[in-house]
$ cat target-v4.txt   # compact mmCIF, C-alpha atoms and all ligand atoms
# COMPACT_ATOMS: atom_id res chain seq x y z
CA MET S 1 0.00 0.00 0.00
CA SER S 2 1.47 3.39 -0.96
CA ILE S 3 1.41 6.23 1.55
CA ILE S 4 0.16 9.62 0.38
CA THR S 5 2.34 12.30 1.98
CA PRO S 6 1.48 16.03 2.15
CA ALA S 7 4.13 16.60 -0.55
CA HIS S 8 2.33 14.13 -2.87
CA LYS S 9 -0.94 15.86 -2.14
CA VAL S 10 0.50 19.31 -2.87
CA SER S 11 1.99 18.08 -6.12
CA ALA S 12 -1.32 16.47 -7.18
CA LEU S 13 -3.21 19.65 -6.29
CA ALA S 14 -0.72 21.72 -8.31
CA LYS S 15 -1.41 19.56 -11.40
CA HIS S 16 -5.14 19.85 -10.78
CA LEU S 17 -4.82 23.64 -10.44
CA ALA S 18 -2.97 23.91 -13.74
CA ALA S 19 -5.69 21.89 -15.46
CA LEU S 20 -8.38 24.15 -14.00
CA LEU S 21 -6.76 27.37 -15.18
CA PRO S 22 -6.28 27.30 -18.95
CA ARG S 23 -6.65 31.10 -19.11
CA PRO S 24 -4.72 33.73 -17.10
CA VAL S 25 -6.34 34.73 -13.81
CA LYS S 26 -5.40 37.24 -11.16
CA VAL S 27 -6.06 36.34 -7.53
CA MET S 28 -5.40 38.31 -4.35
CA GLU S 29 -4.19 36.62 -1.19
CA VAL S 30 -5.37 39.09 1.42
CA CYS S 31 -3.49 37.81 4.44
CA GLY S 32 0.19 38.39 5.20
CA THR S 33 0.56 34.92 6.69
CA HIS S 34 -0.57 33.42 3.38
CA THR S 35 1.98 35.61 1.57
CA VAL S 36 4.78 34.32 3.77
CA ASN S 37 3.69 30.68 3.75
CA ILE S 38 3.32 30.58 -0.03
CA PHE S 39 7.02 31.50 -0.19
CA ARG S 40 8.05 29.36 2.78
CA PHE S 41 6.53 26.22 1.28
CA GLY S 42 7.93 27.01 -2.18
CA LEU S 43 4.45 27.00 -3.70
CA ARG S 44 5.11 29.76 -6.23
CA SER S 45 7.31 27.42 -8.25
CA LEU S 46 4.38 24.96 -8.46
CA PHE S 47 1.82 27.50 -9.65
CA PRO S 48 0.80 27.40 -13.30
CA GLU S 49 1.92 30.36 -15.42
CA THR S 50 -1.73 31.26 -15.82
CA LEU S 51 -2.02 32.17 -12.11
CA GLU S 52 -0.99 35.65 -11.02
CA LEU S 53 -1.13 35.98 -7.25
CA VAL S 54 -0.97 39.48 -5.78
CA SER S 55 -0.74 40.45 -2.11
CA GLY S 56 -3.37 42.46 -0.31
CA PRO S 57 -3.74 44.67 2.75
CA GLY S 58 -3.65 41.88 5.34
CA CYS S 59 -0.59 42.92 7.33
CA PRO S 60 -1.83 44.96 10.31
CA VAL S 61 1.46 46.70 11.04
CA CYS S 62 1.85 47.60 7.37
CA VAL S 63 -1.52 49.38 7.11
CA THR S 64 -1.04 51.38 10.34
CA PRO S 65 -0.63 55.01 9.20
CA VAL S 66 2.60 56.79 9.97
CA GLU S 67 0.83 59.37 12.18
CA GLU S 68 -0.26 56.56 14.51
CA ILE S 69 3.37 55.43 14.83
CA ASP S 70 4.27 59.07 15.52
CA PHE S 71 1.69 59.19 18.31
CA LEU S 72 3.28 56.18 20.03
CA VAL S 73 6.81 57.56 19.64
CA ALA S 74 5.74 60.95 21.03
CA ALA S 75 3.85 59.39 23.94
CA ALA S 76 6.84 57.25 24.88
CA LEU S 77 9.41 60.03 24.49
CA SER S 78 7.77 63.29 25.48
CA GLN S 79 5.20 62.09 28.02
CA GLY S 80 7.22 59.29 29.52
CA ALA S 81 4.42 56.78 29.04
CA ARG S 82 5.45 53.16 29.49
CA LEU S 83 4.58 51.56 26.17
CA ALA S 84 3.40 47.98 25.73
CA THR S 85 3.56 46.79 22.13
CA PHE S 86 3.73 43.71 19.95
CA GLY S 87 7.24 43.26 18.58
CA ASP S 88 6.36 43.78 14.91
CA LEU S 89 5.67 47.45 15.50
CA LEU S 90 9.05 48.25 17.03
CA ARG S 91 11.00 48.94 13.83
CA VAL S 92 8.25 50.50 11.72
CA PRO S 93 9.53 53.90 10.63
CA GLY S 94 7.59 56.97 11.76
CA SER S 95 8.18 60.59 10.82
CA TRP S 96 10.58 61.03 13.76
CA GLY S 97 11.97 57.54 13.69
CA SER S 98 10.82 54.19 15.04
CA LEU S 99 9.91 52.96 18.49
CA LYS S 100 13.19 51.09 18.52
CA GLU S 101 15.03 54.38 18.10
CA ALA S 102 12.84 55.93 20.80
CA ARG S 103 13.85 53.10 23.11
CA ALA S 104 17.52 53.84 22.40
CA GLN S 105 16.77 57.41 23.52
CA GLY S 106 15.40 56.20 26.83
CA ALA S 107 11.72 55.48 26.13
CA LYS S 108 10.29 52.67 28.28
CA ILE S 109 9.01 50.08 25.85
CA LYS S 110 8.01 46.51 26.64
CA ILE S 111 7.36 43.86 24.01
CA ILE S 112 4.23 41.93 24.89
CA TYR S 113 2.67 38.77 23.50
CA SER S 114 -0.83 39.32 24.87
CA PRO S 115 -2.76 42.55 25.61
CA MET S 116 -3.36 41.31 29.19
CA GLU S 117 0.37 41.82 29.84
CA ALA S 118 -0.26 45.57 29.48
CA LEU S 119 -2.82 45.35 32.28
CA SER S 120 -0.29 43.59 34.54
CA LEU S 121 2.26 46.27 33.65
CA ALA S 122 -0.22 49.00 34.64
CA GLU S 123 -0.82 47.28 37.99
CA ASN S 124 2.92 46.90 38.57
CA PHE S 125 3.61 50.59 37.83
CA PRO S 126 0.60 52.38 39.34
CA GLN S 127 2.32 55.80 39.30
CA GLU S 128 2.94 55.64 35.56
CA THR S 129 0.75 55.84 32.46
CA VAL S 130 0.94 52.52 30.61
CA LEU S 131 0.07 52.82 26.94
CA LEU S 132 -1.04 49.74 25.02
CA ALA S 133 -0.42 49.97 21.26
CA ALA S 134 -3.58 48.15 20.17
CA VAL S 135 -2.72 47.36 16.57
CA GLY S 136 -4.31 44.54 14.61
CA PHE S 137 -7.27 43.16 12.69
CA GLU S 138 -10.31 41.26 13.94
CA THR S 139 -7.94 38.56 15.19
CA THR S 140 -6.44 40.79 17.90
CA ALA S 141 -9.38 43.04 18.75
CA PRO S 142 -11.32 40.56 20.97
CA ALA S 143 -8.31 40.08 23.29
CA VAL S 144 -7.86 43.85 23.49
CA ALA S 145 -11.57 44.24 24.25
CA ALA S 146 -11.29 41.63 27.01
CA THR S 147 -8.33 43.58 28.47
CA VAL S 148 -10.37 46.80 28.55
CA LEU S 149 -13.25 45.05 30.31
CA GLU S 150 -10.90 43.49 32.84
CA ALA S 151 -9.13 46.82 33.47
CA LYS S 152 -12.49 48.43 34.13
CA ARG S 153 -13.52 45.60 36.44
CA ARG S 154 -10.30 45.92 38.43
CA GLY S 155 -10.49 49.73 38.48
CA VAL S 156 -7.10 50.16 36.78
CA SER S 157 -7.01 53.81 35.75
CA ASN S 158 -3.42 54.21 34.50
CA LEU S 159 -3.86 51.95 31.44
CA VAL S 160 -4.63 53.75 28.18
CA LEU S 161 -4.94 52.44 24.63
CA ALA S 162 -3.87 53.85 21.29
CA THR S 163 -6.27 51.83 19.15
CA SER S 164 -5.24 51.16 15.57
CA HIS S 165 -7.62 48.30 14.91
CA ARG S 166 -8.52 47.81 11.27
CA LEU S 167 -11.17 45.60 9.66
CA VAL S 168 -10.48 43.35 6.68
CA PRO S 169 -13.84 43.28 4.79
CA PRO S 170 -14.12 47.10 4.42
CA ALA S 171 -10.55 47.17 3.05
CA ILE S 172 -11.49 44.55 0.44
CA ARG S 173 -14.62 46.51 -0.46
CA ALA S 174 -12.56 49.69 -0.91
CA LEU S 175 -10.10 47.89 -3.17
CA LEU S 176 -12.88 46.44 -5.31
CA ALA S 177 -14.74 49.74 -5.47
CA SER S 178 -11.63 51.38 -6.92
CA GLY S 179 -12.41 49.33 -10.04
CA ASP S 180 -8.89 49.08 -11.46
CA LEU S 181 -7.58 45.82 -10.03
CA ASN S 182 -9.13 43.32 -12.48
CA LEU S 183 -9.16 40.54 -9.93
CA ASP S 184 -10.75 37.13 -10.55
CA GLY S 185 -11.09 36.11 -6.89
CA PHE S 186 -9.73 36.09 -3.36
CA ILE S 187 -7.91 33.76 -1.03
CA LEU S 188 -9.39 35.03 2.24
CA PRO S 189 -7.68 35.02 5.65
CA GLY S 190 -8.15 32.06 7.97
CA HIS S 191 -7.46 33.65 11.36
CA VAL S 192 -9.63 36.73 10.84
CA SER S 193 -12.40 34.51 9.49
CA ALA S 194 -12.27 32.27 12.56
CA VAL S 195 -13.56 35.36 14.41
CA ILE S 196 -15.93 36.96 11.89
CA GLY S 197 -17.09 33.91 9.90
CA ARG S 198 -18.21 33.92 6.28
CA GLY S 199 -21.01 36.50 6.35
CA PRO S 200 -18.95 39.72 6.23
CA TYR S 201 -17.38 38.61 2.90
CA GLU S 202 -20.65 37.78 1.12
CA PHE S 203 -20.67 41.23 -0.54
CA ILE S 204 -17.65 40.14 -2.64
CA ALA S 205 -19.83 37.62 -4.48
CA ARG S 206 -23.10 39.53 -4.27
CA ASP S 207 -21.94 43.05 -5.21
CA PHE S 208 -18.84 42.35 -7.27
CA GLY S 209 -19.55 38.89 -8.74
CA LEU S 210 -16.25 37.44 -7.52
CA PRO S 211 -15.53 34.19 -5.65
CA GLY S 212 -13.56 33.88 -2.43
CA VAL S 213 -12.19 30.97 -0.44
CA ILE S 214 -11.43 31.20 3.29
CA THR S 215 -8.21 29.25 3.41
CA GLY S 216 -5.93 27.66 5.99
CA PHE S 217 -2.17 28.04 6.23
CA GLU S 218 -0.61 24.65 5.48
CA ALA S 219 0.73 24.01 1.98
CA THR S 220 -2.13 21.61 1.25
CA ASP S 221 -4.67 24.16 2.56
CA ILE S 222 -3.35 26.86 0.27
CA MET S 223 -3.27 24.61 -2.82
CA GLU S 224 -6.73 23.26 -2.00
CA GLY S 225 -8.04 26.81 -1.48
CA LEU S 226 -6.65 27.83 -4.87
CA CYS S 227 -8.25 24.78 -6.53
CA LEU S 228 -11.64 25.59 -4.94
CA LEU S 229 -11.28 29.13 -6.25
CA ALA S 230 -10.19 27.97 -9.70
CA HIS S 231 -13.24 25.68 -9.94
CA GLN S 232 -15.51 28.64 -9.36
CA ILE S 233 -13.66 30.90 -11.79
CA ARG S 234 -13.79 28.20 -14.47
CA GLU S 235 -17.51 27.60 -13.94
CA GLY S 236 -18.34 31.32 -13.70
CA ARG S 237 -19.61 30.93 -10.12
CA ALA S 238 -19.15 33.48 -7.36
CA GLU S 239 -19.53 32.16 -3.80
CA ILE S 240 -17.67 32.52 -0.53
CA VAL S 241 -16.63 29.04 0.52
CA ILE S 242 -14.66 27.78 3.50
CA GLN S 243 -11.69 25.51 2.85
CA TYR S 244 -10.42 26.02 6.44
CA SER S 245 -13.49 24.42 8.01
CA ARG S 246 -11.50 22.80 10.85
CA ALA S 247 -11.00 26.32 12.31
CA VAL S 248 -13.66 28.51 10.71
CA PRO S 249 -17.34 27.89 11.46
CA PRO S 250 -19.63 29.78 9.05
CA GLU S 251 -20.81 32.02 11.88
CA GLY S 252 -17.29 32.65 13.22
CA ASN S 253 -16.81 33.05 16.95
CA PRO S 254 -19.89 34.72 18.48
CA ALA S 255 -18.23 35.19 21.89
CA ALA S 256 -15.30 37.07 20.33
CA GLN S 257 -17.69 39.13 18.21
CA ALA S 258 -19.69 40.04 21.33
CA LEU S 259 -16.53 41.23 23.11
CA MET S 260 -15.62 43.46 20.17
CA LYS S 261 -19.13 44.84 19.94
CA GLU S 262 -19.26 45.63 23.64
CA VAL S 263 -16.05 47.66 23.66
CA PHE S 264 -15.67 49.04 20.12
CA SER S 265 -17.78 50.80 17.56
CA THR S 266 -16.85 50.88 13.88
CA GLY S 267 -15.89 54.07 12.11
CA ASP S 268 -13.97 55.39 9.13
CA ALA S 269 -10.25 54.75 9.42
CA SER S 270 -7.14 55.59 7.50
CA PHE S 271 -5.05 52.74 6.09
CA ARG S 272 -1.45 53.44 5.11
CA GLY S 273 -1.35 53.75 1.35
CA LEU S 274 -5.08 53.10 0.90
CA GLY S 275 -6.46 56.29 2.45
CA GLU S 276 -9.63 56.66 4.47
CA ILE S 277 -11.84 53.55 4.35
CA PRO S 278 -15.51 53.82 5.38
CA GLY S 279 -16.19 51.63 8.41
CA GLY S 280 -12.61 50.37 8.27
CA GLY S 281 -11.64 50.75 11.92
CA LEU S 282 -12.64 49.99 15.50
CA PHE S 283 -12.80 52.75 18.10
CA LEU S 284 -13.45 52.66 21.84
CA ARG S 285 -17.09 53.26 22.69
CA GLN S 286 -17.99 56.23 24.87
CA THR S 287 -18.48 53.92 27.86
CA TYR S 288 -14.76 53.12 27.68
CA GLU S 289 -13.39 56.52 26.61
CA GLU S 290 -11.44 56.78 29.88
CA PHE S 291 -9.03 54.28 28.26
CA ASP S 292 -8.57 56.31 25.09
CA ALA S 293 -4.97 57.54 24.94
CA ARG S 294 -5.83 60.19 22.39
CA GLY S 295 -8.20 61.81 24.86
CA ARG S 296 -5.81 61.48 27.81
CA LEU S 297 -2.45 62.47 26.30
CA ASP S 298 -1.88 65.92 24.87
CA LEU S 299 0.89 65.44 22.34
CA ASP S 300 2.75 67.66 19.94
CA LEU S 301 3.06 65.58 16.75
CA PRO S 302 5.43 66.27 13.86
CA PRO S 303 4.26 66.89 10.30
CA VAL S 304 3.82 63.47 8.70
CA ARG S 305 6.81 62.36 6.65
CA GLU S 306 6.69 59.16 4.61
CA THR S 307 9.76 57.48 3.11
CA LYS S 308 10.29 58.88 -0.36
CA GLY S 309 9.96 56.18 -3.00
CA CYS S 310 8.37 53.55 -0.71
CA LEU S 311 5.64 51.69 -2.62
CA CYS S 312 4.07 49.95 0.38
CA GLY S 313 0.67 51.50 -0.29
CA GLN S 314 0.61 50.16 -3.83
CA ILE S 315 1.95 46.78 -2.74
CA LEU S 316 -0.75 46.52 -0.05
CA SER S 317 -3.40 47.16 -2.69
CA GLY S 318 -2.05 44.61 -5.15
CA ARG S 319 -1.00 47.23 -7.69
CA LYS S 320 2.77 46.72 -7.43
CA ARG S 321 5.20 44.00 -6.43
CA PRO S 322 8.21 44.51 -4.12
CA LEU S 323 10.53 44.09 -7.10
CA ASP S 324 8.94 47.23 -8.60
CA CYS S 325 10.28 49.32 -5.72
CA PRO S 326 13.65 50.96 -6.50
CA LEU S 327 14.63 50.67 -2.82
CA PHE S 328 13.95 46.92 -2.56
CA ALA S 329 17.10 45.07 -1.39
CA ARG S 330 19.13 48.26 -1.93
CA GLY S 331 18.23 51.08 0.47
CA CYS S 332 15.54 48.91 2.07
CA ARG S 333 16.33 45.58 3.65
CA PRO S 334 15.08 43.78 6.79
CA ASP S 335 18.10 45.09 8.72
CA ASN S 336 17.43 48.65 7.51
CA PRO S 337 13.71 48.85 6.65
CA GLN S 338 12.40 51.99 4.98
CA GLY S 339 8.76 50.97 4.98
CA PRO S 340 6.51 48.75 7.11
CA CYS S 341 6.24 46.05 4.43
CA MET S 342 9.93 45.27 5.01
CA VAL S 343 9.57 45.20 8.81
CA SER S 344 6.74 42.92 9.70
CA SER S 345 7.07 39.15 9.63
CA GLU S 346 3.85 39.31 7.59
CA GLY S 347 5.15 42.05 5.29
CA THR S 348 5.19 41.34 1.58
CA CYS S 349 8.56 42.99 0.98
CA ALA S 350 10.15 41.06 3.87
CA ALA S 351 8.74 37.80 2.47
CA TRP S 352 10.02 38.54 -1.03
CA PHE S 353 13.43 39.56 0.34
CA GLN S 354 13.76 36.37 2.38
CA PHE S 355 12.40 33.85 -0.09
CA HIS S 356 11.95 35.05 -3.65
CA GLU S 357 15.29 33.92 -5.06
CA ASN S 358 14.59 30.40 -3.84
CA SER S 359 11.02 30.23 -5.07
FE1 LIG O 1 8.66 50.27 1.03
FE2 LIG O 1 10.96 49.00 1.34
FE3 LIG O 1 8.92 47.69 0.33
FE4 LIG O 1 10.13 49.59 -1.10
S1 LIG O 1 11.04 47.66 -0.46
S2 LIG O 1 7.93 49.27 -0.86
S3 LIG O 1 10.71 51.05 0.54
S4 LIG O 1 9.06 48.54 2.39
$ encode --input "target-v4.txt" --output "structure tokens"
Amino acid sequence: MSIITPAHKVSALAKHLAALLPRPVKVMEVCGTHTVNIFRFGLRSLFPETLELVSGPGCPVCVTPVEEIDFLVAAALSQGARLATFGDLLRVPGSWGSLKEARAQGAKIKIIYSPMEALSLAENFPQETVLLAAVGFETTAPAVAATVLEAKRRGVSNLVLATSHRLVPPAIRALLASGDLNLDGFILPGHVSAVIGRGPYEFIARDFGLPGVITGFEATDIMEGLCLLAHQIREGRAEIVIQYSRAVPPEGNPAAQALMKEVFSTGDASFRGLGEIPGGGLFLRQTYEEFDARGRLDLDLPPVRETKGCLCGQILSGRKRPLDCPLFARGCRPDNPQGPCMVSSEGTCAAWFQFHENS
């Protein structure tokens, strides 16, 4: 009896994908983890020439506008706030420099792995203002919401949040509404979808006539997701289907959704490179405004300065590839990033820099 290994399965799916795509198609993988794993597993070399895969806006650090980085740098430097942040944000360039540079100048910055660590920090330093950099998509927002609720329950008053939460479906809608991308379908994020479910993506099929597949992160998941998408494209169908059903129920995670809804309201939000997106962000509700850093800290912010020549905005909207950027691998490298797409572990430029010559 022969054993079918994941490698056999991937290879068989690659052949199937090629057979399904006799004409050129353009597909967006929205999520940064998909971008990285496609490289990591060497899948690009298995794709048929008829498949063009472009990256989307699914790297939370990358879409955080430079003025929000500036706010964190200013809070940590000029107000002496003790900053709690996820590590990805540390090296993202702001107008005055990065948080890493602020730390070298004496700013108190702690890398955290869970928002609850910021609450512990606030309790350990009751005389200080502890600022949580709440950056992320729907995946992170429920844990941040739970932290706010717990801080309120414990009466912790020195914890404040700079919320930079962004929502994935409004970003996709904004990209599609721009009308110039000529996409044939989407590989949709698995982690975000585990929270929000399938419903928030239905507009892609209904309003724009395009298919989408919520896809997992293993090599076989990604190839299977692409095959499910290719089937629909070939048959002229447009539905949102779930390949990653072991983690994504159609309704998502109602408990996580309830946490978000309790603490945040949606509003228009700026995405780096994509501009203002209607309903694209989460903001603290009035009931929790005591935790809003922007209301509590009076900061003098510099005029916004973006890196000249950085194409992150166009890369995040699938209009350019990292190789189109004149700074790629020259002035901009992971050890000297000029834009957020080269910083984050989910950044498209970082993924291309690390893997593209081997793919
Ligand atoms: Fe920006 Fe660097 Fe990517 Fe160019 S290579 S788009 S400068 S992050």
$ closest_atom_pairs --input "target-v4.txt" --of "chain S" --to "ligand LIG 1 (chain O)" --cutoff "12 Å" --atoms "only C-alpha atoms and all ligand atoms" --output "Markdown table"
| residue | atom | partner | partner_atom | distance |
| --- | --- | --- | --- | --- |
| S:Val61 | CA | O:LIG1 | S4 | 11.7 |
| S:Cys62 | CA | O:LIG1 | S4 | 8.8 |
| S:Val63 | CA | O:LIG1 | S4 | 11.6 |
| S:Arg91 | CA | O:LIG1 | S4 | 11.6 |
| S:Val92 | CA | O:LIG1 | S4 | 9.6 |
| S:Pro93 | CA | O:LIG1 | S4 | 9.8 |
| S:Arg272 | CA | O:LIG1 | FE1 | 11.4 |
| S:Gly273 | CA | O:LIG1 | S2 | 10.5 |
| S:Glu306 | CA | O:LIG1 | FE1 | 9.8 |
| S:Thr307 | CA | O:LIG1 | S3 | 7.0 |
| S:Lys308 | CA | O:LIG1 | S3 | 7.9 |
| S:Gly309 | CA | O:LIG1 | S3 | 6.3 |
| S:Cys310 | CA | O:LIG1 | S3 | 3.6 |
| S:Leu311 | CA | O:LIG1 | S2 | 3.8 |
| S:Cys312 | CA | O:LIG1 | S2 | 4.1 |
| S:Gly313 | CA | O:LIG1 | S2 | 7.6 |
| S:Gln314 | CA | O:LIG1 | S2 | 7.9 |
| S:Ile315 | CA | O:LIG1 | S2 | 6.7 |
| S:Leu316 | CA | O:LIG1 | S2 | 9.1 |
| S:Ser317 | CA | O:LIG1 | S2 | 11.7 |
| S:Gly318 | CA | O:LIG1 | S2 | 11.8 |
| S:Arg319 | CA | O:LIG1 | S2 | 11.4 |
| S:Lys320 | CA | O:LIG1 | S2 | 8.7 |
| S:Arg321 | CA | O:LIG1 | S2 | 8.1 |
| S:Pro322 | CA | O:LIG1 | FE3 | 5.5 |
| S:Leu323 | CA | O:LIG1 | S1 | 7.6 |
| S:Asp324 | CA | O:LIG1 | FE4 | 8.0 |
| S:Cys325 | CA | O:LIG1 | FE4 | 4.6 |
| S:Pro326 | CA | O:LIG1 | FE4 | 6.6 |
| S:Leu327 | CA | O:LIG1 | FE4 | 4.9 |
| S:Phe328 | CA | O:LIG1 | S1 | 3.7 |
| S:Ala329 | CA | O:LIG1 | S1 | 6.7 |
| S:Arg330 | CA | O:LIG1 | S1 | 8.2 |
| S:Gly331 | CA | O:LIG1 | S3 | 7.5 |
| S:Cys332 | CA | O:LIG1 | FE2 | 4.6 |
| S:Arg333 | CA | O:LIG1 | FE2 | 6.8 |
| S:Pro334 | CA | O:LIG1 | FE2 | 8.6 |
| S:Asp335 | CA | O:LIG1 | FE2 | 11.0 |
| S:Asn336 | CA | O:LIG1 | FE2 | 8.9 |
| S:Pro337 | CA | O:LIG1 | FE2 | 6.0 |
| S:Gln338 | CA | O:LIG1 | S3 | 4.8 |
| S:Gly339 | CA | O:LIG1 | S4 | 3.6 |
| S:Pro340 | CA | O:LIG1 | S4 | 5.4 |
| S:Cys341 | CA | O:LIG1 | S4 | 4.3 |
| S:Met342 | CA | O:LIG1 | S4 | 4.3 |
| S:Val343 | CA | O:LIG1 | S4 | 7.3 |
| S:Ser344 | CA | O:LIG1 | S4 | 9.5 |
| S:Glu346 | CA | O:LIG1 | S4 | 11.8 |
| S:Gly347 | CA | O:LIG1 | S4 | 8.1 |
| S:Thr348 | CA | O:LIG1 | FE3 | 7.5 |
| S:Cys349 | CA | O:LIG1 | FE3 | 4.8 |
| S:Ala350 | CA | O:LIG1 | FE3 | 7.6 |
| S:Ala351 | CA | O:LIG1 | FE3 | 10.1 |
| S:Trp352 | CA | O:LIG1 | S1 | 9.2 |
| S:Phe353 | CA | O:LIG1 | S1 | 8.5 |
| S:Gln354 | CA | O:LIG1 | S1 | 12.0 |
$ closest_residue --input "target-v4.txt" --among "S:Ser164, S:Thr85, S:Ser157, S:Thr33" --to "Phe217 (chain S)" --atoms "all atoms listed in the file"
S:Thr33
$ residues_around --input "target-v4.txt" --residues "Pro200 (chain S)" --least-positions-apart "2" --cutoff "10 Å" --atoms "only C-alpha atoms" --output "JSON, numbers by chain"
{"S": [168, 169, 170, 193, 196, 197, 198, 202, 203, 204, 240, 251]}
$ closest_residue --input "target-v4.txt" --among "S:Gly236, S:Ala18, S:Leu159, S:Leu229" --to "Leu297 (chain S)" --atoms "all atoms listed in the file"
S:Leu159
$ residues_around --input "target-v4.txt" --residues "Pro65 (chain S)" --least-positions-apart "3" --cutoff "7 Å" --atoms "only C-alpha atoms" --output "VMD selection string"
chain S and resid 68 to 69 270 to 272
$ atom_distance --input "target-v4.txt" --atom1 "CA of His8 (chain S)" --atom2 "CA of Leu20 (chain S)"
18.4 Å
$ residues_around --input "target-v4.txt" --residues "Gly185 (chain S)" --least-positions-apart "5" --cutoff "12 Å" --atoms "only C-alpha atoms" --output "ChimeraX atom specification"
/S:25-30,51-54,56,172,176,201,204-205,208-214,225-234,236-241
$ closest_residue --input "target-v4.txt" --among "S:Lys108, S:Arg246, S:Lys15, S:Lys261" --to "Glu128 (chain S)" --atoms "all atoms listed in the file"
S:Lys108
$ atom_distance --input "target-v4.txt" --atom1 "CA of Val73 (chain S)" --atom2 "CA of Arg153 (chain S)"
29.0 Å
$ closest_residue --input "target-v4.txt" --among "S:Ala256, S:Ala219, S:Val304, S:Gln286" --to "Arg40 (chain S)" --atoms "all atoms listed in the file"
S:Ala219
$ closest_residue --input "target-v4.txt" --among "S:Ala174, S:Leu90, S:Ala122, S:Leu21" --to "Ala102 (chain S)" --atoms "only C-alpha atoms"
S:Leu90
$ closest_residue --input "target-v4.txt" --among "S:Ala269, S:Leu121, S:Val135, S:Ala76" --to "Asp88 (chain S)" --atoms "all atoms listed in the file"
S:Val135
$ residues_around --input "target-v4.txt" --residues "Pro142 (chain S)" --least-positions-apart "3" --cutoff "12 Å" --atoms "only C-alpha atoms" --output "ChimeraX atom specification"
/S:114-116,134-139,145-149,165,192,194-196,253-264,282
$ atom_distance --input "target-v4.txt" --atom1 "CA of Ala104 (chain S)" --atom2 "CA of Leu77 (chain S)"
10.4 Å
$ residues_around --input "target-v4.txt" --residues "Arg296 (chain S)" --least-positions-apart "6" --cutoff "12 Å" --atoms "all atoms listed in the file" --output "ChimeraX atom specification"
/S:75,79,81,129-131,157-162,289-290
$ write_last_selection --input "target-v4.txt" --atoms "C-alpha atoms" --output "PDB file, keeping the file's coordinate frame"
ATOM      1  CA  ALA S  75       3.850  59.390  23.940  1.00  0.00           C
ATOM      2  CA  GLN S  79       5.200  62.090  28.020  1.00  0.00           C
ATOM      3  CA  ALA S  81       4.420  56.780  29.040  1.00  0.00           C
ATOM      4  CA  THR S 129       0.750  55.840  32.460  1.00  0.00           C
ATOM      5  CA  VAL S 130       0.940  52.520  30.610  1.00  0.00           C
ATOM      6  CA  LEU S 131       0.070  52.820  26.940  1.00  0.00           C
ATOM      7  CA  SER S 157      -7.010  53.810  35.750  1.00  0.00           C
ATOM      8  CA  ASN S 158      -3.420  54.210  34.500  1.00  0.00           C
ATOM      9  CA  LEU S 159      -3.860  51.950  31.440  1.00  0.00           C
ATOM     10  CA  VAL S 160      -4.630  53.750  28.180  1.00  0.00           C
ATOM     11  CA  LEU S 161      -4.940  52.440  24.630  1.00  0.00           C
ATOM     12  CA  ALA S 162      -3.870  53.850  21.290  1.00  0.00           C
ATOM     13  CA  GLU S 289     -13.390  56.520  26.610  1.00  0.00           C
ATOM     14  CA  GLU S 290     -11.440  56.780  29.880  1.00  0.00           C
TER      15      GLU S 290
END
